[in-house]
file start.txt (compact mmCIF, C-alpha atoms)
# COMPACT_ATOMS: atom_id res chain seq x y z
CA MET A 5 -102.25 53.27 70.42
CA ALA A 6 -98.95 53.29 68.58
CA TRP A 7 -97.11 56.55 68.07
CA THR A 8 -98.06 58.93 65.26
CA ARG A 9 -95.41 60.38 62.94
CA GLU A 10 -95.40 63.52 65.10
CA GLN A 11 -94.91 61.46 68.27
CA MET A 12 -92.05 59.56 66.64
CA ALA A 13 -90.42 62.88 65.77
CA ALA A 14 -90.97 64.15 69.33
CA ARG A 15 -89.37 61.00 70.71
CA ALA A 16 -86.40 61.36 68.35
CA ALA A 17 -85.97 64.95 69.56
CA LYS A 18 -85.25 63.62 73.06
CA GLU A 19 -82.00 62.22 71.66
CA LEU A 20 -80.76 65.75 70.91
CA LYS A 21 -78.17 67.21 73.24
CA ASP A 22 -77.17 70.81 73.79
CA GLY A 23 -74.50 71.89 71.33
CA TYR A 24 -75.17 69.11 68.83
CA TYR A 25 -74.58 69.57 65.10
CA VAL A 26 -77.37 67.60 63.44
CA ASN A 27 -78.32 66.53 59.93
CA LEU A 28 -82.01 65.70 59.38
CA GLY A 29 -83.32 63.67 56.46
CA ILE A 30 -86.59 64.17 54.61
CA GLY A 31 -89.96 63.08 56.10
CA ILE A 32 -90.34 62.31 59.81
CA PRO A 33 -86.76 63.47 60.52
CA THR A 34 -87.62 66.97 59.26
CA LEU A 35 -90.41 67.13 61.86
CA VAL A 36 -87.87 66.58 64.64
CA SER A 37 -86.85 70.25 64.44
CA ASN A 38 -90.33 71.18 65.73
CA TYR A 39 -89.70 69.35 69.02
CA VAL A 40 -86.25 70.56 70.08
CA PRO A 41 -86.39 70.98 73.89
CA GLU A 42 -86.18 74.61 75.05
CA ASP A 43 -82.97 74.10 77.01
CA VAL A 44 -81.25 72.43 74.08
CA ASP A 45 -79.50 74.45 71.40
CA ILE A 46 -78.66 72.54 68.23
CA THR A 47 -77.28 73.60 64.86
CA LEU A 48 -78.72 72.01 61.72
CA GLN A 49 -76.42 71.11 58.86
CA SER A 50 -77.75 70.74 55.35
CA GLU A 51 -75.42 68.79 53.07
CA ASN A 52 -75.86 71.13 50.11
CA GLY A 53 -73.57 73.52 51.99
CA MET A 54 -75.30 75.32 54.85
CA LEU A 55 -74.74 75.19 58.61
CA GLY A 56 -77.27 76.94 60.82
CA VAL A 57 -80.48 76.23 58.93
CA GLY A 58 -83.47 78.25 60.10
CA PRO A 59 -87.22 77.70 59.65
CA PHE A 60 -89.13 78.11 56.39
CA PRO A 61 -89.24 81.78 55.33
CA LEU A 62 -92.21 84.11 55.43
CA ASP A 63 -93.63 84.68 51.98
CA ASN A 64 -91.74 87.98 51.62
CA GLU A 65 -88.45 86.51 52.89
CA VAL A 66 -88.00 83.80 50.24
CA ASP A 67 -84.51 83.83 48.69
CA ALA A 68 -83.89 81.42 45.81
CA ASP A 69 -80.26 80.96 46.91
CA ILE A 70 -81.20 79.78 50.41
CA ILE A 71 -82.37 76.18 50.22
CA ASN A 72 -81.83 72.98 52.18
CA ALA A 73 -80.82 69.62 50.73
CA GLY A 74 -84.48 68.84 50.04
CA GLN A 75 -84.56 71.88 47.68
CA GLN A 76 -86.92 73.63 50.11
CA SER A 77 -86.64 77.35 50.76
CA VAL A 78 -85.29 77.99 54.28
CA THR A 79 -83.83 80.91 56.25
CA GLU A 80 -80.53 81.90 57.82
CA GLN A 81 -79.96 82.17 61.54
CA LYS A 82 -77.41 84.15 63.53
CA GLY A 83 -74.11 82.45 62.78
CA THR A 84 -75.17 80.65 59.60
CA SER A 85 -72.31 79.71 57.30
CA TYR A 86 -72.12 78.51 53.71
CA PHE A 87 -69.49 76.26 52.17
CA SER A 88 -68.81 74.02 49.20
CA SER A 89 -70.09 70.46 48.85
CA ALA A 90 -66.53 69.19 49.44
CA ASP A 91 -66.34 71.06 52.75
CA SER A 92 -69.85 69.90 53.60
CA PHE A 93 -68.86 66.27 53.25
CA ALA A 94 -65.63 66.89 55.12
CA MET A 95 -67.96 67.71 58.03
CA VAL A 96 -70.00 64.58 57.35
CA ARG A 97 -67.27 62.03 56.59
CA GLY A 98 -64.81 63.54 59.01
CA GLY A 99 -67.05 62.75 61.97
CA HIS A 100 -67.76 66.39 62.82
CA ILE A 101 -71.54 65.96 62.88
CA ASP A 102 -72.96 64.52 66.08
CA LEU A 103 -76.21 63.03 64.89
CA SER A 104 -78.03 62.09 61.71
CA ILE A 105 -81.72 61.19 61.73
CA LEU A 106 -83.05 59.60 58.58
CA GLY A 107 -85.69 57.26 57.19
CA ALA A 108 -85.27 53.65 56.08
CA MET A 109 -86.81 50.89 54.02
CA GLU A 110 -85.07 48.16 56.06
CA VAL A 111 -82.77 47.93 59.07
CA ALA A 112 -80.97 44.72 60.07
CA GLU A 113 -80.10 43.52 63.56
CA ASN A 114 -76.41 44.31 62.97
CA GLY A 115 -77.14 47.93 62.00
CA ASP A 116 -77.15 47.44 58.23
CA LEU A 117 -79.34 50.05 56.55
CA ALA A 118 -81.20 49.98 53.22
CA ASN A 119 -82.94 53.17 52.16
CA TRP A 120 -81.94 54.11 48.64
CA MET A 121 -83.06 51.62 46.01
CA ILE A 122 -85.52 48.87 45.16
CA PRO A 123 -84.23 46.69 42.31
CA GLY A 124 -86.50 46.86 39.28
CA LYS A 125 -87.90 50.26 40.20
CA MET A 126 -86.72 53.64 38.96
CA VAL A 127 -83.78 54.62 41.15
CA LYS A 128 -83.40 58.27 42.09
CA GLY A 129 -80.00 57.96 43.71
CA MET A 130 -78.57 57.89 47.19
CA GLY A 131 -77.82 61.60 47.45
CA GLY A 132 -75.80 62.13 50.62
CA ALA A 133 -77.24 59.19 52.58
CA MET A 134 -74.26 56.85 52.16
CA ASP A 135 -71.82 59.52 53.29
CA LEU A 136 -74.01 60.51 56.24
CA VAL A 137 -74.40 57.01 57.63
CA ALA A 138 -70.71 56.24 57.07
CA GLY A 139 -69.42 59.38 58.70
CA VAL A 140 -71.82 60.87 61.24
CA ARG A 141 -71.08 59.82 64.82
CA ARG A 142 -74.57 58.58 65.68
CA VAL A 143 -77.30 57.45 63.29
CA ILE A 144 -80.97 57.21 64.28
CA VAL A 145 -83.58 55.80 61.93
CA THR A 146 -87.22 56.82 62.14
CA MET A 147 -89.47 54.48 60.17
CA GLU A 148 -92.77 52.61 60.13
CA HIS A 149 -92.19 49.24 61.77
CA VAL A 150 -93.78 47.27 58.93
CA SER A 151 -94.13 47.94 55.21
CA LYS A 152 -97.43 48.67 53.49
CA ASP A 153 -97.88 44.95 52.77
CA GLY A 154 -97.31 44.05 56.42
CA ALA A 155 -93.70 42.82 56.23
CA SER A 156 -91.37 43.68 59.08
CA LYS A 157 -88.73 46.31 58.27
CA LEU A 158 -86.57 45.37 61.28
CA LEU A 159 -84.87 42.21 60.01
CA LYS A 160 -82.16 39.60 60.50
CA GLU A 161 -80.59 40.93 57.33
CA CYS A 162 -81.62 43.44 54.71
CA SER A 163 -83.03 42.11 51.44
CA LEU A 164 -82.55 45.43 49.60
CA PRO A 165 -79.21 46.88 48.46
CA LEU A 166 -77.44 48.51 51.39
CA THR A 167 -76.87 52.18 52.06
CA GLY A 168 -74.36 51.32 54.77
CA ARG A 169 -73.02 48.33 56.67
CA ARG A 170 -73.33 48.32 60.50
CA VAL A 171 -74.25 52.00 60.70
CA VAL A 172 -77.55 52.32 62.61
CA ASP A 173 -77.42 52.98 66.38
CA MET A 174 -81.13 53.32 67.11
CA VAL A 175 -84.51 52.80 65.45
CA ILE A 176 -87.63 54.72 66.45
CA SER A 177 -90.81 53.23 65.02
CA GLU A 178 -94.47 53.69 65.88
CA LEU A 179 -94.07 50.74 68.30
CA GLY A 180 -91.15 52.00 70.35
CA VAL A 181 -87.44 52.64 70.58
CA PHE A 182 -84.84 50.03 69.66
CA ALA A 183 -81.11 50.04 70.38
CA ILE A 184 -78.96 48.27 67.79
CA ASP A 185 -75.68 46.57 68.57
CA LYS A 186 -73.87 47.63 65.40
CA THR A 187 -70.40 46.57 66.55
CA GLY A 188 -71.24 43.16 68.01
CA ASP A 189 -73.85 40.45 67.59
CA GLY A 190 -76.21 41.52 70.36
CA GLY A 191 -78.98 42.30 67.90
CA VAL A 192 -81.90 44.60 68.64
CA THR A 193 -82.99 45.62 72.13
CA LEU A 194 -86.41 47.08 72.78
CA VAL A 195 -85.71 49.92 75.20
CA GLU A 196 -89.01 51.81 75.20
CA LEU A 197 -92.57 50.91 74.25
CA ALA A 198 -95.00 53.33 72.64
CA ASP A 199 -98.16 53.96 74.63
CA GLY A 200 -100.59 51.06 74.36
CA VAL A 201 -98.17 48.78 72.50
CA THR A 202 -97.36 45.37 73.99
CA VAL A 203 -94.11 43.46 73.91
CA ASP A 204 -95.98 40.68 72.12
CA GLU A 205 -97.01 43.04 69.33
CA VAL A 206 -93.39 44.16 68.93
CA LYS A 207 -92.22 40.54 68.85
CA ALA A 208 -94.84 39.65 66.24
CA LYS A 209 -93.80 42.52 63.97
CA THR A 210 -90.03 42.15 64.33
CA LYS A 211 -87.95 39.68 62.32
CA ALA A 212 -84.64 40.56 63.98
CA LYS A 213 -83.00 38.95 67.00
CA LEU A 214 -84.86 40.84 69.72
CA SER A 215 -84.14 41.33 73.41
CA ILE A 216 -86.33 43.20 75.85
CA ASP A 217 -84.66 45.72 78.12
CA ALA A 218 -84.78 44.60 81.77
CA ALA A 219 -86.61 47.77 82.84
CA LEU A 220 -89.48 46.94 80.48
CA LYS A 221 -89.81 43.37 81.75
CA VAL A 222 -90.38 44.63 85.30
CA ALA A 223 -93.02 47.07 84.12
CA MET B 69 -53.31 89.67 30.90
CA ALA B 70 -55.12 87.62 28.30
CA ASN B 71 -58.74 88.59 27.89
CA LYS B 72 -61.10 86.15 29.60
CA VAL B 73 -64.28 88.14 29.16
CA TYR B 74 -66.89 87.07 26.62
CA LYS B 75 -70.04 88.95 25.76
CA ASP B 76 -72.42 86.03 26.19
CA ALA B 77 -72.66 82.28 26.84
CA LYS B 78 -72.67 81.40 23.14
CA SER B 79 -69.41 83.14 22.39
CA ALA B 80 -67.86 81.88 25.62
CA LEU B 81 -68.37 78.30 24.44
CA ASP B 82 -67.08 78.95 20.92
CA GLY B 83 -64.36 76.44 20.03
CA VAL B 84 -64.72 74.62 23.34
CA LEU B 85 -67.40 72.05 22.54
CA HIS B 86 -67.19 68.69 20.82
CA ASP B 87 -69.34 65.56 20.70
CA GLY B 88 -68.60 62.93 23.34
CA MET B 89 -67.05 65.37 25.80
CA MET B 90 -67.27 65.21 29.59
CA VAL B 91 -68.98 68.24 31.11
CA MET B 92 -68.55 69.15 34.77
CA CYS B 93 -71.54 71.16 35.88
CA GLY B 94 -72.00 73.13 39.12
CA GLY B 95 -75.25 73.51 41.03
CA PHE B 96 -77.45 71.69 43.51
CA GLY B 97 -80.97 71.18 42.25
CA LEU B 98 -81.58 74.43 40.38
CA VAL B 99 -79.55 76.54 42.80
CA GLY B 100 -76.25 77.75 41.42
CA ILE B 101 -76.60 76.04 38.04
CA PRO B 102 -74.92 77.66 35.03
CA ASP B 103 -78.26 78.28 33.35
CA LYS B 104 -77.07 80.45 30.46
CA LEU B 105 -74.20 78.12 29.56
CA ILE B 106 -76.47 75.06 29.63
CA ARG B 107 -78.86 76.82 27.24
CA ALA B 108 -76.00 77.76 24.95
CA MET B 109 -74.79 74.17 25.00
CA ARG B 110 -78.25 72.99 24.05
CA ASP B 111 -78.38 75.49 21.18
CA ALA B 112 -74.95 74.35 20.00
CA GLY B 113 -76.38 70.84 19.58
CA VAL B 114 -73.29 69.03 20.87
CA LYS B 115 -74.07 65.35 21.49
CA ASN B 116 -73.11 62.16 23.37
CA LEU B 117 -72.21 64.15 26.45
CA THR B 118 -71.20 62.70 29.78
CA CYS B 119 -72.45 65.14 32.39
CA VAL B 120 -71.00 65.16 35.88
CA SER B 121 -73.48 66.99 38.07
CA ASN B 122 -75.03 66.33 41.46
CA ASN B 123 -78.50 66.39 39.89
CA ALA B 124 -79.95 66.17 36.41
CA GLY B 125 -82.12 69.27 36.41
CA ILE B 126 -85.90 69.07 36.17
CA ASP B 127 -88.23 68.99 33.20
CA GLY B 128 -87.66 72.24 31.33
CA ALA B 129 -84.77 73.53 33.41
CA GLY B 130 -81.10 72.93 34.09
CA LEU B 131 -79.60 69.81 32.57
CA GLY B 132 -83.17 68.72 31.90
CA LEU B 133 -82.82 70.88 28.76
CA LEU B 134 -79.92 68.77 27.45
CA LEU B 135 -81.74 65.55 28.35
CA GLU B 136 -84.85 66.66 26.46
CA ALA B 137 -82.74 67.49 23.41
CA GLY B 138 -81.20 63.99 23.49
CA GLN B 139 -77.67 65.36 23.93
CA VAL B 140 -76.68 63.37 27.01
CA LYS B 141 -75.26 59.84 26.81
CA LYS B 142 -74.40 59.42 30.48
CA MET B 143 -74.99 61.14 33.80
CA ILE B 144 -72.71 60.86 36.82
CA SER B 145 -74.88 62.13 39.68
CA SER B 146 -75.93 61.47 43.25
CA TYR B 147 -79.66 62.16 42.95
CA VAL B 148 -81.84 62.65 39.91
CA GLY B 149 -85.16 63.33 41.65
CA GLU B 150 -88.44 63.88 39.93
CA ASN B 151 -87.40 64.28 36.32
CA LYS B 152 -89.89 62.65 33.94
CA THR B 153 -87.65 63.07 30.91
CA PHE B 154 -84.81 61.45 32.77
CA ALA B 155 -86.95 58.47 33.83
CA LYS B 156 -88.30 58.01 30.30
CA LEU B 157 -84.87 58.10 28.64
CA TYR B 158 -83.42 55.78 31.26
CA LEU B 159 -86.22 53.21 30.98
CA GLU B 160 -85.92 53.29 27.18
CA GLY B 161 -82.21 52.50 27.51
CA LYS B 162 -81.19 55.83 25.93
CA LEU B 163 -79.35 57.12 28.96
CA GLU B 164 -76.67 55.66 31.22
CA ILE B 165 -76.51 56.65 34.85
CA GLU B 166 -73.69 56.21 37.32
CA PHE B 167 -74.82 57.02 40.85
CA ASN B 168 -72.13 58.31 43.18
CA PRO B 169 -72.67 59.13 46.85
CA GLN B 170 -72.87 62.92 47.05
CA GLY B 171 -69.76 63.33 49.18
CA THR B 172 -67.83 60.91 46.99
CA LEU B 173 -68.89 62.87 43.90
CA ALA B 174 -67.77 66.15 45.46
CA GLU B 175 -64.46 64.64 46.51
CA ARG B 176 -63.87 62.99 43.11
CA CYS B 177 -64.11 66.45 41.53
CA ARG B 178 -62.06 68.13 44.25
CA ALA B 179 -59.38 65.44 43.95
CA GLY B 180 -59.36 65.51 40.14
CA GLY B 181 -58.90 69.25 40.15
CA ALA B 182 -56.15 69.02 42.74
CA GLY B 183 -54.09 66.48 40.81
CA ILE B 184 -55.04 63.54 43.04
CA PRO B 185 -55.92 60.51 40.89
CA ALA B 186 -57.58 58.47 43.63
CA PHE B 187 -58.49 58.50 47.32
CA TYR B 188 -59.99 56.23 49.96
CA THR B 189 -63.35 56.81 51.64
CA LYS B 190 -65.47 54.77 54.03
CA THR B 191 -68.61 55.91 52.22
CA GLY B 192 -70.22 53.00 50.41
CA VAL B 193 -68.13 50.22 51.92
CA GLY B 194 -70.16 47.01 51.85
CA THR B 195 -72.65 48.42 49.30
CA GLU B 196 -73.08 48.16 45.53
CA VAL B 197 -71.07 51.36 45.17
CA ALA B 198 -67.93 49.53 46.29
CA LYS B 199 -68.38 46.56 43.92
CA GLY B 200 -65.34 45.97 41.73
CA LYS B 201 -63.35 48.67 43.52
CA GLU B 202 -60.18 48.24 45.50
CA THR B 203 -60.61 48.31 49.27
CA LYS B 204 -58.03 48.77 51.99
CA VAL B 205 -58.00 48.69 55.77
CA PHE B 206 -56.53 51.71 57.59
CA ASP B 207 -56.42 51.66 61.40
CA GLY B 208 -58.91 48.81 61.51
CA GLN B 209 -61.50 50.50 59.28
CA GLU B 210 -62.26 49.43 55.71
CA TYR B 211 -62.18 52.04 52.95
CA VAL B 212 -62.97 51.94 49.23
CA MET B 213 -60.84 53.59 46.57
CA GLU B 214 -62.52 56.17 44.38
CA ARG B 215 -61.02 57.93 41.36
CA GLY B 216 -60.56 61.64 40.85
CA LEU B 217 -62.51 63.14 37.95
CA VAL B 218 -61.33 65.62 35.34
CA GLY B 219 -63.65 66.69 32.57
CA ASP B 220 -63.16 68.38 29.21
CA VAL B 221 -65.07 71.48 30.22
CA ALA B 222 -66.49 72.83 33.49
CA LEU B 223 -69.50 75.11 33.55
CA VAL B 224 -69.94 77.08 36.75
CA LYS B 225 -72.13 79.86 38.07
CA ALA B 226 -71.10 82.52 40.58
CA TRP B 227 -72.68 85.65 42.03
CA LYS B 228 -69.88 88.09 41.29
CA GLY B 229 -66.80 87.71 39.19
CA ASP B 230 -64.03 90.04 38.10
CA THR B 231 -62.48 90.27 34.67
CA SER B 232 -59.54 88.08 35.74
CA GLY B 233 -61.92 85.28 36.73
CA ASN B 234 -61.97 85.62 40.51
CA LEU B 235 -65.35 84.39 41.76
CA VAL B 236 -67.61 84.97 44.74
CA TYR B 237 -70.60 82.68 45.23
CA ARG B 238 -73.80 83.62 47.01
CA LYS B 239 -75.25 81.60 49.90
CA ALA B 240 -76.21 77.98 49.13
CA ALA B 241 -75.53 78.55 45.41
CA ARG B 242 -71.87 77.74 46.06
CA ASN B 243 -72.38 73.93 46.44
CA PHE B 244 -70.48 72.02 43.72
CA ASN B 245 -69.27 75.07 41.78
CA PRO B 246 -65.86 75.51 43.46
CA MET B 247 -64.83 71.88 42.81
CA MET B 248 -66.17 71.80 39.27
CA ALA B 249 -64.25 74.97 38.47
CA THR B 250 -60.98 73.16 39.17
CA ALA B 251 -61.79 69.82 37.57
CA ALA B 252 -61.66 70.32 33.80
CA LYS B 253 -59.27 71.23 31.01
CA ILE B 254 -61.15 74.49 30.53
CA CYS B 255 -63.58 76.26 32.83
CA VAL B 256 -66.23 78.74 31.74
CA ALA B 257 -67.95 80.81 34.44
CA GLU B 258 -71.13 82.82 34.22
CA VAL B 259 -71.80 85.48 36.83
CA GLU B 260 -74.67 87.70 37.86
CA GLU B 261 -72.40 90.70 38.08
CA LEU B 262 -69.06 91.20 36.32
CA VAL B 263 -66.80 93.76 38.01
CA PRO B 264 -63.36 95.21 37.20
CA VAL B 265 -60.22 93.60 38.60
CA GLY B 266 -59.63 95.01 42.09
CA ALA B 267 -63.29 95.50 42.91
CA LEU B 268 -63.56 92.26 44.91
CA ASP B 269 -62.06 92.00 48.39
CA PRO B 270 -59.15 89.54 47.97
CA ASP B 271 -60.06 87.94 51.31
CA HIS B 272 -63.57 87.20 50.10
CA ILE B 273 -62.78 85.41 46.84
CA HIS B 274 -63.97 81.78 46.85
CA THR B 275 -62.48 80.62 43.53
CA SER B 276 -59.27 82.21 42.29
CA GLY B 277 -59.07 83.37 38.70
CA ILE B 278 -56.37 80.82 37.88
CA PHE B 279 -59.10 78.19 37.54
CA ILE B 280 -61.28 80.26 35.22
CA ASN B 281 -60.48 80.49 31.50
CA ARG B 282 -63.54 82.35 30.29
CA ILE B 283 -66.14 84.48 32.02
CA LEU B 284 -69.37 86.17 31.03
CA CYS B 285 -72.12 88.13 32.70
CA GLY B 286 -75.37 86.20 32.32
CA ALA B 287 -77.71 88.78 33.89
CA PRO B 288 -80.61 89.08 34.22
CA TYR B 289 -81.46 85.88 36.10
CA ASP B 290 -84.87 84.49 36.88
CA LYS B 291 -84.06 82.06 39.69
CA GLN B 292 -86.41 79.15 40.21
CA ILE B 293 -87.20 77.48 43.52
CA GLU B 294 -88.07 73.78 43.35
CA GLN B 295 -89.88 73.60 46.69
CA ARG B 296 -91.19 76.99 47.73
CA THR B 297 -91.93 76.30 51.39
CA ILE B 298 -93.14 79.16 53.57
CA ARG B 299 -94.44 79.66 57.08
CA LYS B 300 -97.32 81.90 58.10
CA ALA B 301 -96.52 85.18 59.83
call {"tool": "encode", "arguments": {"input": "start.txt", "output": "structure tokens"}}
result
Amino acid sequence: MAWTREQMAARAAKELKDGYYVNLGIGIPTLVSNYVPEDVDITLQSENGMLGVGPFPLDNEVDADIINAGQQSVTEQKGTSYFSSADSFAMVRGGHIDLSILGAMEVAENGDLANWMIPGKMVKGMGGAMDLVAGVRRVIVTMEHVSKDGASKLLKECSLPLTGRRVVDMVISELGVFAIDKTGDGGVTLVELADGVTVDEVKAKTKAKLSIDAALKVA
Amino acid sequence: MANKVYKDAKSALDGVLHDGMMVMCGGFGLVGIPDKLIRAMRDAGVKNLTCVSNNAGIDGAGLGLLLEAGQVKKMISSYVGENKTFAKLYLEGKLEIEFNPQGTLAERCRAGGAGIPAFYTKTGVGTEVAKGKETKVFDGQEYVMERGLVGDVALVKAWKGDTSGNLVYRKAARNFNPMMATAAKICVAEVEELVPVGALDPDHIHTSGIFINRILCGAPYDKQIEQRTIRKA
């Protein structure tokens, strides 16, 4: 059995370290906040101008001026701060955020990322994604390993317009965890298999240059 | 001191508007948008606008009102979301869109307002955003040059303002408002509460009155939430 969306989020949460400032994208990344280990204290940044983002409010706590970048109502925590969009992206671009977890349409073996537009379809815009992947210290992608029509999303090179060049450090799909050599030409390394998934299945569904971590070969 | 206070949004825009102008608009989604000024701009019927705003409103709210009235020629935004009017106008070729990465958009406005005509950023290097733009390597890293933006008018929304134009924003409604306030020939601010000069703590002012030419109290406000997400007790 491959991982579910929840299991992918739980696996991504293991990458969190105590004291991290983290920006989470929409979808599976949002679920990661449900799996933060108890001994790990992280602070969530939302690029619309909020640091210290709390859970969704109770019905009687909703404040129209407290939203995250997905326009969802959220709450403050002890120590929350607000700031302008320029200051927000000073945090992002300036390398002050430790980790960004976001979704993708395609990831290439050199860390190229495509997640903002499909030519010929209505484009909604990149929002803060290009700034996040360019500036945040570590970028993890959570995505389905193949598209709805069965095509691999982990590729030699992206076919869609890029969000960033050589920006992805790690991919977590339903099949496992993949390290990406974004500075060299080492390609993709399978470092962890999801329960019940075989190396052969990963190989069959991956179109990137793929290595298997030594620890997995022994097992 | 010259009077900056106007009784409503309509009078605050009197003599400011013209067809083909560039409008800098604060807000993120529907939070912190200058709702009363947008409505007054729609009622004024000014056309062929270029609107610089992170988003394009939604159907029936925010800049969606100007889109529906056919007053916008071009949007410079980072994300336009689920706006049916926007999609329709765009697909019919009646609307131009220039997508900017959100941080680049914020910095273009900050820079424009600060007298900086251009800057380098690593955001967008190697993507369509960098096409046709100058690039330069600093310390081994490639950067793309982006231009500062200055509009004809800025429309901003704050929580409290005093009669000299000092502004205080509330929570996540600050977003793009401080940069927009600086990045136009004339800035009009609407506030939820207008107080006398001296009533705001000088240490707590987010935007100084020097940037604000006209101010009005737009109360009462009926603030919308795009995604009302709640948890159970």
call {"tool": "closest_residue", "arguments": {"input": "start.txt", "among": "B:Lys162, B:Arg176, B:Arg215, B:Lys201", "to": "chain A", "atoms": "only C-alpha atoms"}}
result
B:Arg176
call {"tool": "interface_residues", "arguments": {"input": "start.txt", "of": "chain A", "to": "chain B", "cutoff": "9 Å", "atoms": "only C-alpha atoms", "output": "PyMOL selection string"}}
result
chain A and resi 51-54+59-63+65-78+85-94+96-97+126-139+165-169
call {"tool": "write_last_selection", "arguments": {"input": "start.txt", "atoms": "C-alpha atoms", "output": "CSV table (one decimal), in the frame of the given file"}}
result
chain,number,residue,atom,x,y,z
A,51,GLU,CA,-75.4,68.8,53.1
A,52,ASN,CA,-75.9,71.1,50.1
A,53,GLY,CA,-73.6,73.5,52.0
A,54,MET,CA,-75.3,75.3,54.8
A,59,PRO,CA,-87.2,77.7,59.6
A,60,PHE,CA,-89.1,78.1,56.4
A,61,PRO,CA,-89.2,81.8,55.3
A,62,LEU,CA,-92.2,84.1,55.4
A,63,ASP,CA,-93.6,84.7,52.0
A,65,GLU,CA,-88.4,86.5,52.9
A,66,VAL,CA,-88.0,83.8,50.2
A,67,ASP,CA,-84.5,83.8,48.7
A,68,ALA,CA,-83.9,81.4,45.8
A,69,ASP,CA,-80.3,81.0,46.9
A,70,ILE,CA,-81.2,79.8,50.4
A,71,ILE,CA,-82.4,76.2,50.2
A,72,ASN,CA,-81.8,73.0,52.2
A,73,ALA,CA,-80.8,69.6,50.7
A,74,GLY,CA,-84.5,68.8,50.0
A,75,GLN,CA,-84.6,71.9,47.7
A,76,GLN,CA,-86.9,73.6,50.1
A,77,SER,CA,-86.6,77.4,50.8
A,78,VAL,CA,-85.3,78.0,54.3
A,85,SER,CA,-72.3,79.7,57.3
A,86,TYR,CA,-72.1,78.5,53.7
A,87,PHE,CA,-69.5,76.3,52.2
A,88,SER,CA,-68.8,74.0,49.2
A,89,SER,CA,-70.1,70.5,48.8
A,90,ALA,CA,-66.5,69.2,49.4
A,91,ASP,CA,-66.3,71.1,52.8
A,92,SER,CA,-69.8,69.9,53.6
A,93,PHE,CA,-68.9,66.3,53.2
A,94,ALA,CA,-65.6,66.9,55.1
A,96,VAL,CA,-70.0,64.6,57.4
A,97,ARG,CA,-67.3,62.0,56.6
A,126,MET,CA,-86.7,53.6,39.0
A,127,VAL,CA,-83.8,54.6,41.2
A,128,LYS,CA,-83.4,58.3,42.1
A,129,GLY,CA,-80.0,58.0,43.7
A,130,MET,CA,-78.6,57.9,47.2
A,131,GLY,CA,-77.8,61.6,47.4
A,132,GLY,CA,-75.8,62.1,50.6
A,133,ALA,CA,-77.2,59.2,52.6
A,134,MET,CA,-74.3,56.8,52.2
A,135,ASP,CA,-71.8,59.5,53.3
A,136,LEU,CA,-74.0,60.5,56.2
A,137,VAL,CA,-74.4,57.0,57.6
A,138,ALA,CA,-70.7,56.2,57.1
A,139,GLY,CA,-69.4,59.4,58.7
A,165,PRO,CA,-79.2,46.9,48.5
A,166,LEU,CA,-77.4,48.5,51.4
A,167,THR,CA,-76.9,52.2,52.1
A,168,GLY,CA,-74.4,51.3,54.8
A,169,ARG,CA,-73.0,48.3,56.7
call {"tool": "closest_residue", "arguments": {"input": "start.txt", "among": "B:Lys78, B:Lys204, B:His272, B:Lys253", "to": "B:Leu105", "atoms": "all atoms listed in the file"}}
result
B:Lys78
call {"tool": "closest_residue", "arguments": {"input": "start.txt", "among": "A:Pro41, A:Gly191, A:Gly29, A:Gly154", "to": "A:Ala17", "atoms": "only C-alpha atoms"}}
result
A:Pro41
call {"tool": "residues_around", "arguments": {"input": "start.txt", "residues": "A:Asn27", "least_positions_apart": "3", "cutoff": "6 Å", "atoms": "only C-alpha atoms", "output": "PyMOL selection string"}}
result
chain A and resi 48-49+104
call {"tool": "closest_residue", "arguments": {"input": "start.txt", "among": "A:Gly98, A:Gly124, A:Gly56, A:Gly115", "to": "A:Ala212", "atoms": "only C-alpha atoms"}}
result
A:Gly115
call {"tool": "closest_residue", "arguments": {"input": "start.txt", "among": "A:Lys160, A:Tyr24, A:Thr34, A:Ile105", "to": "A:Val192", "atoms": "all atoms listed in the file"}}
result
A:Lys160
call {"tool": "atom_distance", "arguments": {"input": "start.txt", "atom1": "atom CA of A:Val36", "atom2": "atom CA of A:Ser163"}}
result
28.2 Å
call {"tool": "atom_distance", "arguments": {"input": "start.txt", "atom1": "atom CA of B:Leu235", "atom2": "atom CA of B:Ala80"}}
result
16.5 Å
call {"tool": "atom_distance", "arguments": {"input": "start.txt", "atom1": "atom CA of B:Val91", "atom2": "atom CA of B:Pro185"}}
result
18.1 Å
call {"tool": "axis_aligned_box", "arguments": {"input": "start.txt", "around": "stretch 67-79 of chain A", "padding_each_side": "4 Å", "output": "lines of an AutoDock Vina configuration file"}}
result
center_x = -83.6
center_y = 76.3
center_z = 51.0
size_x = 14.7
size_y = 23.0
size_z = 18.4
call {"tool": "closest_residue", "arguments": {"input": "start.txt", "among": "B:Ala249, B:Thr231, B:Ile101, B:His86", "to": "B:Ala70", "atoms": "all atoms listed in the file"}}
result
B:Thr231
call {"tool": "residues_around", "arguments": {"input": "start.txt", "residues": "B:Gly219", "least_positions_apart": "5", "cutoff": "12 Å", "atoms": "all atoms listed in the file", "output": "JSON, numbers by chain"}}
result
{"B": [85, 88, 89, 90, 91, 92, 93, 117, 118, 119, 120, 121, 144, 176, 177, 178, 180, 181, 247, 248, 249, 250, 251, 252, 253, 254, 255]}
call {"tool": "residues_around", "arguments": {"input": "start.txt", "residues": "B:Ile283", "least_positions_apart": "2", "cutoff": "7 Å", "atoms": "all atoms listed in the file", "output": "list in words"}}
result
Lys72, Val73, Tyr74, Gly233, Val256, Ala257, Glu258 and Asn281 of chain B
